[in-house]
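Please read the structure below before turning to the comments.
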Amino acid sequence: MKKSYKIEVDCANCANKMEEAAKKTAGVKDCVVNFMALKMNVEFEDGADVKSVMKDVLKNCKKVEDDCEIFI
Amino acid sequence: MSKKQKKVLLRIIISALLMIILHIAYGMLGEEKTGADGTVTPALIKEPVWFLLYMIPYLIIGYDILKKAVKGILNRQVFDENFLMAIATLGAIAIALVNKNGDYTEAIAVMLFYQTGELFQSYAVGKSRRNISDLMDIRPDSANIESDGELISVDPDEVEAGSIIVVRPGEKIPIDGIVTGGRSTLNTSALTGESLPREVTEGDEVLSGCINMTSLLHIKTTREFGESTASKILDMVENSSSKKSRSENFISRFARVYTPAVCIGALALAILPPLFLLITGSSPSWGSWIYRALTFLVISCPCALVISIPLSFFAGIGGASHSGILIKGSNYLEAVSKTAIVAMDKTGTMTKGVFEVEGIHNSPIDSEELLEYAAHAECYSSHPIARSIIKAYTDGMIWKSDVVTGEAFPVPDTAKGPDDVKAIDRDRVKGVEEIGGNGIIAKVDDHDIAIGNSKLMAHVNVNFEECEHCHHSGTVVHVAIDGKYSGHIVISDVIKPTAKEAVMRMHSSGVKRTVILTGDSKQVADDVASSIGVREVRSELLPADKVSAVEELLSQKGEKEVLAFVGDGINDAPVLSRADIGIAMGALGSDAAIEAADIVLMDDDPLKISKTIRIARKCMRIVYENIYFAIGIKLICLLLGAVGIANMWLAIFADVGVMVIAVLNAIRALNVKKL
């Protein structure tokens, strides 16, 4: 399943880091962060609980870039 | 500017002013002065007062960086750029403190420049993001629905397919549909890039994103908002930068390696040379090596690259979409810039694809009767040739026979009244069978009708005479009724006025070969090819043959060359996906083509093919300029920093200045009007 989220982040490198962090989160199959459109497209693994996975994604993203926001 | 940006700007100004004042004050009060008579006046204000004073502007400008750096360490993000900036500036302050020279300005200036750079970056990116979305300003905010004689404005998402919406003059059509009342002129420029007005009246299909110019229209929606053209185009453009190009992937890989590598280099620079000097017995001069290492850290942020490359692609795609060229991803933009072979469909691509019945030859029966059977047999087909035969029948031309040749040609029926319309009666047609690419066999009023090319005639075992009247190159459609040859219909197509120039421009933008692939006869194909300047022709191809023709061309091209196929997308979907780059033309509203193609040309002007290539070339040139420029400057500064020529001021230029220049350069990709 794929979902798209609006994000807020200031620098392009931070967006790259968020992408990396989100990809490493359990339950996420793939993730693409589009800095220009300020969007995060997440592909979830089958049977993953989207809400709790996204909470983890946000937590992991906050770790690498404190100043980011994902509008879940 | 946003509130956040304004706050940063204010901090930059205050901190910069304080720094300058302190710098001047230090010159006057902080240094020992030797008078003309050799007496030494001690400094009025001494350390650590200066240190404390200088910390004020430093903290004003850098407190958030320091905070983030601490958080970064707690989260084990060692190569975080905030952390690096904090180390570099704190290091510089420490050196100034040890040397007692009061040179705190450097640390503050580095922080100032860094923050200025960040501010500029977020401002420029935000600005170009807005610019590009303004270009694509086709998203309608609301739809008007009539309820109890009053117009109410609703969210277009809530309008179901099949409802009637009202579009006032000056408003955007929010949802695709069919006009049910009113007649008006539409401005389609947001979709096609051309500001050619289009007249619409009852029964016409209209696409969302067009602007209604002259009068009120009632429209019955045929799709939901999310499925409408405007929404789809916006989705495509917004998601296009998610499909990353090779250059972008290279840059993000580079960024991942670059920062740690520079940091390790900095560490080595701080420790190894002094140790070596110590062993060889010279003075280790720790201070100067540590300073050089700190200079390294300032250059270690890859931001210039990481921001400018995707921004260039985004700007290129945005500029292209404004000219009516939709590119589905940065990877396609990158690929199309290397186009060496353009294979193109003839019908609908280089020719208008608007066929007209030009004459009926060799028919033993009445021309109108022949046309009637032909039109009914073709009534389920959407092929342009079939449509033209049906149109010729329903238009009800009078067919006059030439006395000498027996050739029939159409003359408008002036006596025809408005009610006198001939219509296709589908009940008369049974057992329609399409013989792929060759024609159709059907039963009309108990007559066996076979209609198609010479191969179909051979297939149904009907002998036919070569026609002596067909001296002009039109498409010839043979008709057999009950196994007996009953003449043929000549249909011709018009070459697009810009086709010749388009081919010329393709060659001048670096395309080496142009090839026409068509299902049409050799004579017609050769004729069209020579008149538009295409040298290679593959004619009489079935849809499957087109794929193998493309595969053959693919095997002939060089490794780094790209083959693009241009088609009108109606029956070219397999070829579009087989080619390296599939370009669908005039595909507005055709979902299948938008799905299959990598690049969609909104109108059907072949000049857009070369324009696409040129936009891509320009964009890629900018991308490479930025890559070489940014990496080059950084490497030079690293080198100069290592040998001690570059100080921290130069290093911060290598970081921020390069980024500013690269971003400005990237925005150039947006300007594609004159290509």
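The chains in the structure tokens are called A, B, ... from first to last as shown; in each chain the residues are counted from 1, and the ligands are counted from 1 in the order shown.
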Which residues come within 8 Å of Glu356 of chain B, counting only C-alpha atoms, excluding same-chain residues fewer than 4 positions away, as a PyMOL selection string? chain B and resi 388-389+392+491-493
With N, CA and C atoms kept, could you save the residues just selected as an mmCIF file, in the first residue's frame?
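File written: selection-v2.cif
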```cif
data_model
loop_
_atom_site.group_PDB
_atom_site.id
_atom_site.type_symbol
_atom_site.label_atom_id
_atom_site.label_comp_id
_atom_site.auth_asym_id
_atom_site.auth_seq_id
_atom_site.Cartn_x
_atom_site.Cartn_y
_atom_site.Cartn_z
ATOM 1 N N SER B 388 -13.339 8.518 -40.527
ATOM 2 C CA SER B 388 -13.511 9.390 -41.685
ATOM 3 C C SER B 388 -14.550 8.832 -42.655
ATOM 4 N N ILE B 389 -14.600 7.510 -42.768
ATOM 5 C CA ILE B 389 -15.601 6.907 -43.654
ATOM 6 C C ILE B 389 -16.996 7.143 -43.084
ATOM 7 N N ALA B 392 -17.907 10.725 -43.628
ATOM 8 C CA ALA B 392 -18.286 11.002 -45.011
ATOM 9 C C ALA B 392 -19.727 10.554 -45.271
ATOM 10 N N ILE B 491 -8.722 7.748 -49.233
ATOM 11 C CA ILE B 491 -8.761 8.636 -48.069
ATOM 12 C C ILE B 491 -7.402 9.292 -47.948
ATOM 13 N N SER B 492 -7.382 10.588 -47.757
ATOM 14 C CA SER B 492 -6.061 11.183 -47.619
ATOM 15 C C SER B 492 -5.955 11.973 -46.330
ATOM 16 N N ASP B 493 -4.750 12.148 -45.949
ATOM 17 C CA ASP B 493 -4.420 12.775 -44.683
ATOM 18 C C ASP B 493 -3.575 14.008 -44.995
#
```
*asked:* Residues of chain A within 10 Å of chain B, counting only C-alpha atoms - could you list those as JSON, numbers by chain?
replied: {"A": [9, 10, 11, 12, 13, 14, 15, 16, 17, 31, 32, 33, 34, 35, 36, 37, 38, 39, 40, 41, 60, 62, 63, 64, 65, 66, 67]}
Using only C-alpha atoms, please write the residues we just selected to a file, as a CSV table (one decimal), in the first residue's frame.
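Final output, saved to out.csv:
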```csv
chain,number,residue,atom,x,y,z
A,9,VAL,CA,11.8,20.3,6.3
A,10,ASP,CA,14.2,23.1,5.6
A,11,CYS,CA,17.2,21.7,3.8
A,12,ALA,CA,17.6,19.2,1.0
A,13,ASN,CA,20.2,17.1,2.7
A,14,CYS,CA,17.9,16.8,5.7
A,15,ALA,CA,15.2,15.5,3.3
A,16,ASN,CA,17.6,12.9,2.1
A,17,LYS,CA,18.3,11.9,5.6
A,31,CYS,CA,10.0,5.6,0.8
A,32,VAL,CA,10.7,8.6,-1.5
A,33,VAL,CA,11.0,12.1,-0.1
A,34,ASN,CA,10.3,14.8,-2.6
A,35,PHE,CA,11.9,17.9,-1.2
A,36,MET,CA,10.7,20.1,-4.0
A,37,ALA,CA,7.1,19.2,-3.5
A,38,LEU,CA,7.5,18.7,0.3
A,39,LYS,CA,6.0,15.3,0.1
A,40,MET,CA,6.8,11.9,1.4
A,41,ASN,CA,5.5,8.9,-0.4
A,60,ASN,CA,13.1,8.1,13.4
A,62,LYS,CA,13.1,13.4,14.3
A,63,LYS,CA,16.2,11.6,15.3
A,64,VAL,CA,18.1,12.5,12.2
A,65,GLU,CA,16.6,16.0,11.7
A,66,ASP,CA,15.1,17.6,14.7
A,67,ASP,CA,13.4,20.3,12.7
```
task: Write out as a PyMOL selection string all residues of chain A that DSSP puts in helix (DSSP H, G or I) for this structure's backbone.
output: chain A and resi 12-24+50-64
One decimal place gives the atom CA of Thr514 of chain B-atom CA of Lys557 of chain B separation as 12.4 Å
- [ ] Can you check which residues of segment 504-547 of chain B DSSP gives as strand (DSSP E or B) on the backbone and send them as a ChimeraX atom specification?
- [x] /B:513-517,536-538
